[in-house]
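Trainee: Supplied structure: run08.cif, mmCIF, C-alpha atoms.
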data_upload
loop_
_atom_site.group_PDB
_atom_site.id
_atom_site.type_symbol
_atom_site.label_atom_id
_atom_site.label_comp_id
_atom_site.auth_asym_id
_atom_site.auth_seq_id
_atom_site.Cartn_x
_atom_site.Cartn_y
_atom_site.Cartn_z
ATOM 1 C CA MET A 6 -6.426 14.670 32.523
ATOM 2 C CA GLU A 7 -2.886 14.824 31.179
ATOM 3 C CA ILE A 8 -2.378 14.133 27.488
ATOM 4 C CA PHE A 9 0.909 13.331 25.764
ATOM 5 C CA ILE A 10 0.947 14.217 22.072
ATOM 6 C CA LYS A 11 3.797 12.655 20.130
ATOM 7 C CA LEU A 12 4.757 14.390 16.899
ATOM 8 C CA ALA A 13 7.442 14.048 14.262
ATOM 9 C CA PRO A 14 9.953 16.922 14.225
ATOM 10 C CA ARG A 15 8.536 18.481 11.033
ATOM 11 C CA TYR A 16 5.025 18.732 12.533
ATOM 12 C CA TYR A 17 6.345 20.036 15.832
ATOM 13 C CA ASP A 18 8.325 22.721 13.983
ATOM 14 C CA GLN A 19 5.279 23.733 11.932
ATOM 15 C CA LEU A 20 3.155 24.052 15.072
ATOM 16 C CA ARG A 21 5.859 25.934 16.941
ATOM 17 C CA LYS A 22 6.094 28.514 14.137
ATOM 18 C CA ARG A 23 2.324 29.134 14.258
ATOM 19 C CA ILE A 24 1.964 29.564 18.019
ATOM 20 C CA SER A 25 2.594 33.015 19.447
ATOM 21 C CA SER A 26 3.917 33.711 22.933
ATOM 22 C CA ASP A 27 0.484 34.867 24.132
ATOM 23 C CA SER A 28 -1.201 31.588 23.130
ATOM 24 C CA PRO A 29 -2.564 29.342 25.912
ATOM 25 C CA VAL A 30 -0.506 26.469 24.437
ATOM 26 C CA PHE A 31 2.788 28.324 24.037
ATOM 27 C CA GLU A 32 4.325 26.965 27.235
ATOM 28 C CA CYS A 33 3.451 23.326 26.598
ATOM 29 C CA ILE A 34 4.862 23.565 23.058
ATOM 30 C CA GLU A 35 8.055 25.223 24.289
ATOM 31 C CA CYS A 36 8.473 22.642 27.072
ATOM 32 C CA ALA A 37 7.980 19.637 24.785
ATOM 33 C CA THR A 38 10.385 16.783 25.377
ATOM 34 C CA ARG A 39 12.608 15.574 22.566
ATOM 35 C CA ILE A 40 12.346 11.794 22.216
ATOM 36 C CA ASP A 41 14.582 9.362 20.386
ATOM 37 C CA HIS A 42 13.822 5.709 20.988
ATOM 38 C CA SER A 43 13.620 2.420 19.175
ATOM 39 C CA VAL A 44 10.766 -0.079 19.386
ATOM 40 C CA ASP A 45 11.318 -3.442 17.737
ATOM 41 C CA GLY A 46 14.168 -1.961 15.710
ATOM 42 C CA VAL A 47 12.121 1.002 14.457
ATOM 43 C CA LEU A 48 13.563 4.362 15.469
ATOM 44 C CA PHE A 49 11.142 7.119 16.469
ATOM 45 C CA GLU A 50 12.412 10.656 16.626
ATOM 46 C CA GLY A 51 10.112 13.441 17.635
ATOM 47 C CA TYR A 52 8.597 15.409 20.464
ATOM 48 C CA SER A 53 6.214 14.625 23.287
ATOM 49 C CA ILE A 54 3.934 17.509 24.239
ATOM 50 C CA ALA A 55 2.350 17.280 27.699
ATOM 51 C CA CYS A 56 -0.922 19.199 27.945
ATOM 52 C CA ASP A 57 -4.468 19.087 29.258
ATOM 53 C CA GLU A 58 -7.525 18.384 27.107
ATOM 54 C CA ASN A 59 -8.298 22.055 26.414
ATOM 55 C CA GLN A 60 -4.728 22.670 25.264
ATOM 56 C CA ALA A 61 -4.832 19.510 23.129
ATOM 57 C CA ARG A 62 -7.974 20.786 21.400
ATOM 58 C CA ILE A 63 -6.258 24.112 20.647
ATOM 59 C CA ILE A 64 -3.208 22.285 19.297
ATOM 60 C CA LEU A 65 -5.545 20.149 17.159
ATOM 61 C CA GLU A 66 -7.208 23.253 15.689
ATOM 62 C CA ILE A 67 -3.843 24.787 14.826
ATOM 63 C CA ALA A 68 -2.617 21.506 13.330
ATOM 64 C CA GLN A 69 -5.706 21.309 11.123
ATOM 65 C CA GLN A 70 -4.576 24.587 9.546
ATOM 66 C CA CYS A 71 -0.813 24.146 9.268
ATOM 67 C CA CYS A 72 -0.082 20.395 9.298
ATOM 68 C CA PRO A 73 -3.267 18.356 8.753
ATOM 69 C CA ASP A 74 -1.273 15.104 8.576
ATOM 70 C CA ALA A 75 -0.515 15.496 12.304
ATOM 71 C CA THR A 76 -4.170 15.614 13.354
ATOM 72 C CA THR A 77 -4.503 11.826 13.516
ATOM 73 C CA SER A 78 -1.723 11.605 16.131
ATOM 74 C CA ILE A 79 -3.291 14.384 18.195
ATOM 75 C CA GLU A 80 -6.772 12.853 18.051
ATOM 76 C CA GLN A 81 -5.329 9.474 19.044
ATOM 77 C CA ALA A 82 -3.535 11.005 22.051
ATOM 78 C CA ILE A 83 -6.819 12.573 23.210
ATOM 79 C CA ARG A 84 -8.661 9.255 22.843
ATOM 80 C CA LEU A 85 -5.971 7.324 24.707
ATOM 81 C CA ALA A 86 -6.062 9.777 27.606
ATOM 82 C CA ARG A 87 -9.810 9.306 27.984
ATOM 83 C CA GLN A 88 -9.583 5.535 28.335
ATOM 84 C CA PRO A 89 -9.889 4.266 31.904
#
Write out the structure in this file as C-alpha cells.

Mentor:
Amino acid sequence: MEIFIKLAPRYYDQLRKRISSDSPVFECIECATRIDHSVDGVLFEGYSIACDENQARIILEIAQQCCPDATTSIEQAIRLARQP
C-alpha cells in the first residue's frame, strides 16, 4: 500500500533534520515532492512524501517527538490509504 503524506514545509524540515542517512525512511524523505497548488483559492505549499505503511509508522513516531502538530496529517494519510 502506497501512502502519500502531505506536510507543511516547517514540519518537513523538522523531520528531515531528525532522520539520519541510515534510517529506513531517509530515502522517502529525501525524495519528497515539493507541492504548490491552490484549491478554491487557498494556496497549499508543502511536501508530499511517498512511502509504505511501515515507513509511515516510523515517520509518525519521529513526528511525535519533533513536531507533534504534524501527527494528525500523517495519521490521516495512513487512514486514507487503507480505505478501499

Trainee: Using all atoms listed in the file, which residue out of A:Ala82, A:Ile8, A:Cys72, A:Ile34 lies closest to Asp57 of chain A?

Mentor: A:Ile8

Trainee: Show me, as a PyMOL selection string, the residues that have an atom within 9 Å of segment 16-21 of chain A when counting all atoms listed in the file, minus same-chain residues fewer than 3 positions from it.

Mentor: chain A and resi 11-13+24-25+31+34-35+51-52+64+67-68+71-72+74-75

Trainee: So how many Å separate atom CA of His42 of chain A and atom CA of Gln70 of chain A, to one decimal?

Mentor: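 That distance, rounded to one decimal, is 28.7 Å.
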
Trainee: Mind pulling up the distance from atom CA of Ile40 of chain A to atom CA of Leu85 of chain A?

Mentor: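 Straight-line distance from atom CA of Leu85 of chain A to atom CA of Ile40 of chain A works out to 19.0 Å.
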
Trainee: Given the choices A:Pro73, A:Ile63, A:Phe9, A:Ala86, which gets closest to Ala37 of chain A if the distance is worked out from only C-alpha atoms?

Mentor: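 With only C-alpha atoms as the atom set, the closest residue is A:Phe9.
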
Trainee: From the set A:Pro14, A:Arg87, A:Val30, A:Glu66, which residue has the shortest atom-to-atom contact distance to Phe49 of chain A, counting only C-alpha atoms?

Mentor: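 Among A:Pro14, A:Arg87, A:Val30, A:Glu66, it is A:Pro14 that comes nearest to Phe49 of chain A.
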
Trainee: Counting all atoms listed in the file, figure out which residue out of A:Ser26, A:Thr76, A:Gln69, A:Ile10 gets nearest to Ile54 of chain A.

Mentor: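 Smallest distance to Ile54 of chain A is found for A:Ile10.
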
Trainee: In Å to one decimal, how far is atom CA of Asn59 of chain A from atom CA of Pro29 of chain A?

Mentor: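 Taking atom CA of Pro29 of chain A and atom CA of Asn59 of chain A, their separation equals 9.3 Å.
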
Trainee: Which is closest to Gln81 of chain A among A:Arg39, A:Arg15, A:Arg23, A:Arg62, if we use all atoms listed in the file?

Mentor: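 The closest residue to Gln81 of chain A is A:Arg62.
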
Trainee: Please determine an axis-aligned box that encloses all atoms of segment 82-86 of chain A listed in the file, with 4 Å added on each side, and express its centre and edge lengths in Å to one decimal as JSON.

Mentor:
{"center_x": -6.1, "center_y": 9.9, "center_z": 24.8, "size_x": 13.1, "size_y": 13.2, "size_z": 13.6}

Trainee: Could you check which of A:Asp27, A:Ser43, A:Arg84, A:Cys33 is closest to Cys56 of chain A, using all atoms listed in the file?

Mentor: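 Looking only at the distances to Cys56 of chain A, the closest residue turns out to be A:Cys33.
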
Trainee: Add whatever atoms are absent from segment 53-88 of chain A to reach N, CA and C atoms, and provide the output as a short mmCIF file (atom, residue, chain, number, x, y, z; two decimals), in the frame of the given file.

Mentor:
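The new file out.cif reads:
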data_model
loop_
_atom_site.label_atom_id
_atom_site.label_comp_id
_atom_site.auth_asym_id
_atom_site.auth_seq_id
_atom_site.Cartn_x
_atom_site.Cartn_y
_atom_site.Cartn_z
N SER A 53 7.37 14.95 22.48
CA SER A 53 6.21 14.62 23.29
C SER A 53 5.75 15.91 23.96
N ILE A 54 4.51 16.28 23.70
CA ILE A 54 3.93 17.51 24.24
C ILE A 54 2.95 17.13 25.34
N ALA A 55 3.24 17.53 26.57
CA ALA A 55 2.35 17.28 27.70
C ALA A 55 1.38 18.45 27.81
N CYS A 56 0.09 18.14 27.88
CA CYS A 56 -0.92 19.20 27.94
C CYS A 56 -2.21 18.64 28.54
N ASP A 57 -3.15 19.54 28.81
CA ASP A 57 -4.47 19.09 29.26
C ASP A 57 -5.39 19.00 28.03
N GLU A 58 -6.62 18.59 28.25
CA GLU A 58 -7.52 18.38 27.11
C GLU A 58 -7.83 19.68 26.37
N ASN A 59 -8.02 20.78 27.08
CA ASN A 59 -8.30 22.06 26.41
C ASN A 59 -7.13 22.47 25.53
N GLN A 60 -5.91 22.33 26.05
CA GLN A 60 -4.73 22.67 25.26
C GLN A 60 -4.60 21.75 24.05
N ALA A 61 -4.90 20.47 24.24
CA ALA A 61 -4.83 19.51 23.13
C ALA A 61 -5.81 19.90 22.02
N ARG A 62 -6.98 20.36 22.40
CA ARG A 62 -7.97 20.79 21.40
C ARG A 62 -7.48 22.02 20.62
N ILE A 63 -6.82 22.93 21.32
CA ILE A 63 -6.26 24.11 20.65
C ILE A 63 -5.15 23.69 19.69
N ILE A 64 -4.29 22.79 20.15
CA ILE A 64 -3.21 22.28 19.30
C ILE A 64 -3.80 21.59 18.07
N LEU A 65 -4.87 20.82 18.27
CA LEU A 65 -5.54 20.15 17.16
C LEU A 65 -6.07 21.15 16.14
N GLU A 66 -6.69 22.22 16.60
CA GLU A 66 -7.21 23.25 15.69
C GLU A 66 -6.09 23.89 14.87
N ILE A 67 -4.98 24.18 15.53
CA ILE A 67 -3.84 24.79 14.83
C ILE A 67 -3.27 23.79 13.82
N ALA A 68 -3.15 22.54 14.22
CA ALA A 68 -2.62 21.51 13.33
C ALA A 68 -3.50 21.32 12.09
N GLN A 69 -4.80 21.44 12.26
CA GLN A 69 -5.71 21.31 11.12
C GLN A 69 -5.41 22.37 10.05
N GLN A 70 -4.89 23.51 10.48
CA GLN A 70 -4.58 24.59 9.55
C GLN A 70 -3.18 24.47 8.94
N CYS A 71 -2.19 24.09 9.76
CA CYS A 71 -0.81 24.15 9.27
C CYS A 71 -0.17 22.79 8.96
N CYS A 72 -0.66 21.72 9.56
CA CYS A 72 -0.08 20.40 9.30
C CYS A 72 -1.16 19.33 9.51
N PRO A 73 -2.13 19.26 8.59
CA PRO A 73 -3.27 18.36 8.75
C PRO A 73 -2.87 16.88 8.91
N ASP A 74 -1.71 16.49 8.42
CA ASP A 74 -1.27 15.10 8.58
C ASP A 74 -1.01 14.75 10.04
N ALA A 75 -0.80 15.73 10.88
CA ALA A 75 -0.52 15.50 12.30
C ALA A 75 -1.79 15.32 13.13
N THR A 76 -2.93 15.64 12.57
CA THR A 76 -4.17 15.61 13.35
C THR A 76 -4.52 14.22 13.85
N THR A 77 -4.20 13.19 13.09
CA THR A 77 -4.50 11.83 13.52
C THR A 77 -3.77 11.49 14.81
N SER A 78 -2.51 11.86 14.92
CA SER A 78 -1.72 11.60 16.13
C SER A 78 -2.29 12.35 17.33
N ILE A 79 -2.74 13.57 17.11
CA ILE A 79 -3.29 14.38 18.20
C ILE A 79 -4.62 13.81 18.66
N GLU A 80 -5.48 13.45 17.70
CA GLU A 80 -6.77 12.85 18.05
C GLU A 80 -6.58 11.54 18.80
N GLN A 81 -5.61 10.75 18.37
CA GLN A 81 -5.33 9.47 19.04
C GLN A 81 -4.86 9.71 20.48
N ALA A 82 -4.02 10.70 20.70
CA ALA A 82 -3.54 11.00 22.05
C ALA A 82 -4.70 11.41 22.96
N ILE A 83 -5.64 12.17 22.44
CA ILE A 83 -6.82 12.57 23.21
C ILE A 83 -7.66 11.35 23.57
N ARG A 84 -7.88 10.48 22.59
CA ARG A 84 -8.66 9.26 22.84
C ARG A 84 -8.00 8.37 23.88
N LEU A 85 -6.69 8.18 23.76
CA LEU A 85 -5.97 7.32 24.71
C LEU A 85 -6.05 7.87 26.13
N ALA A 86 -6.00 9.17 26.27
CA ALA A 86 -6.06 9.78 27.61
C ALA A 86 -7.43 9.60 28.25
N ARG A 87 -8.46 9.47 27.45
CA ARG A 87 -9.81 9.31 27.98
C ARG A 87 -10.12 7.89 28.42
N GLN A 88 -9.33 6.92 27.96
CA GLN A 88 -9.58 5.54 28.34
C GLN A 88 -9.26 5.31 29.80
#
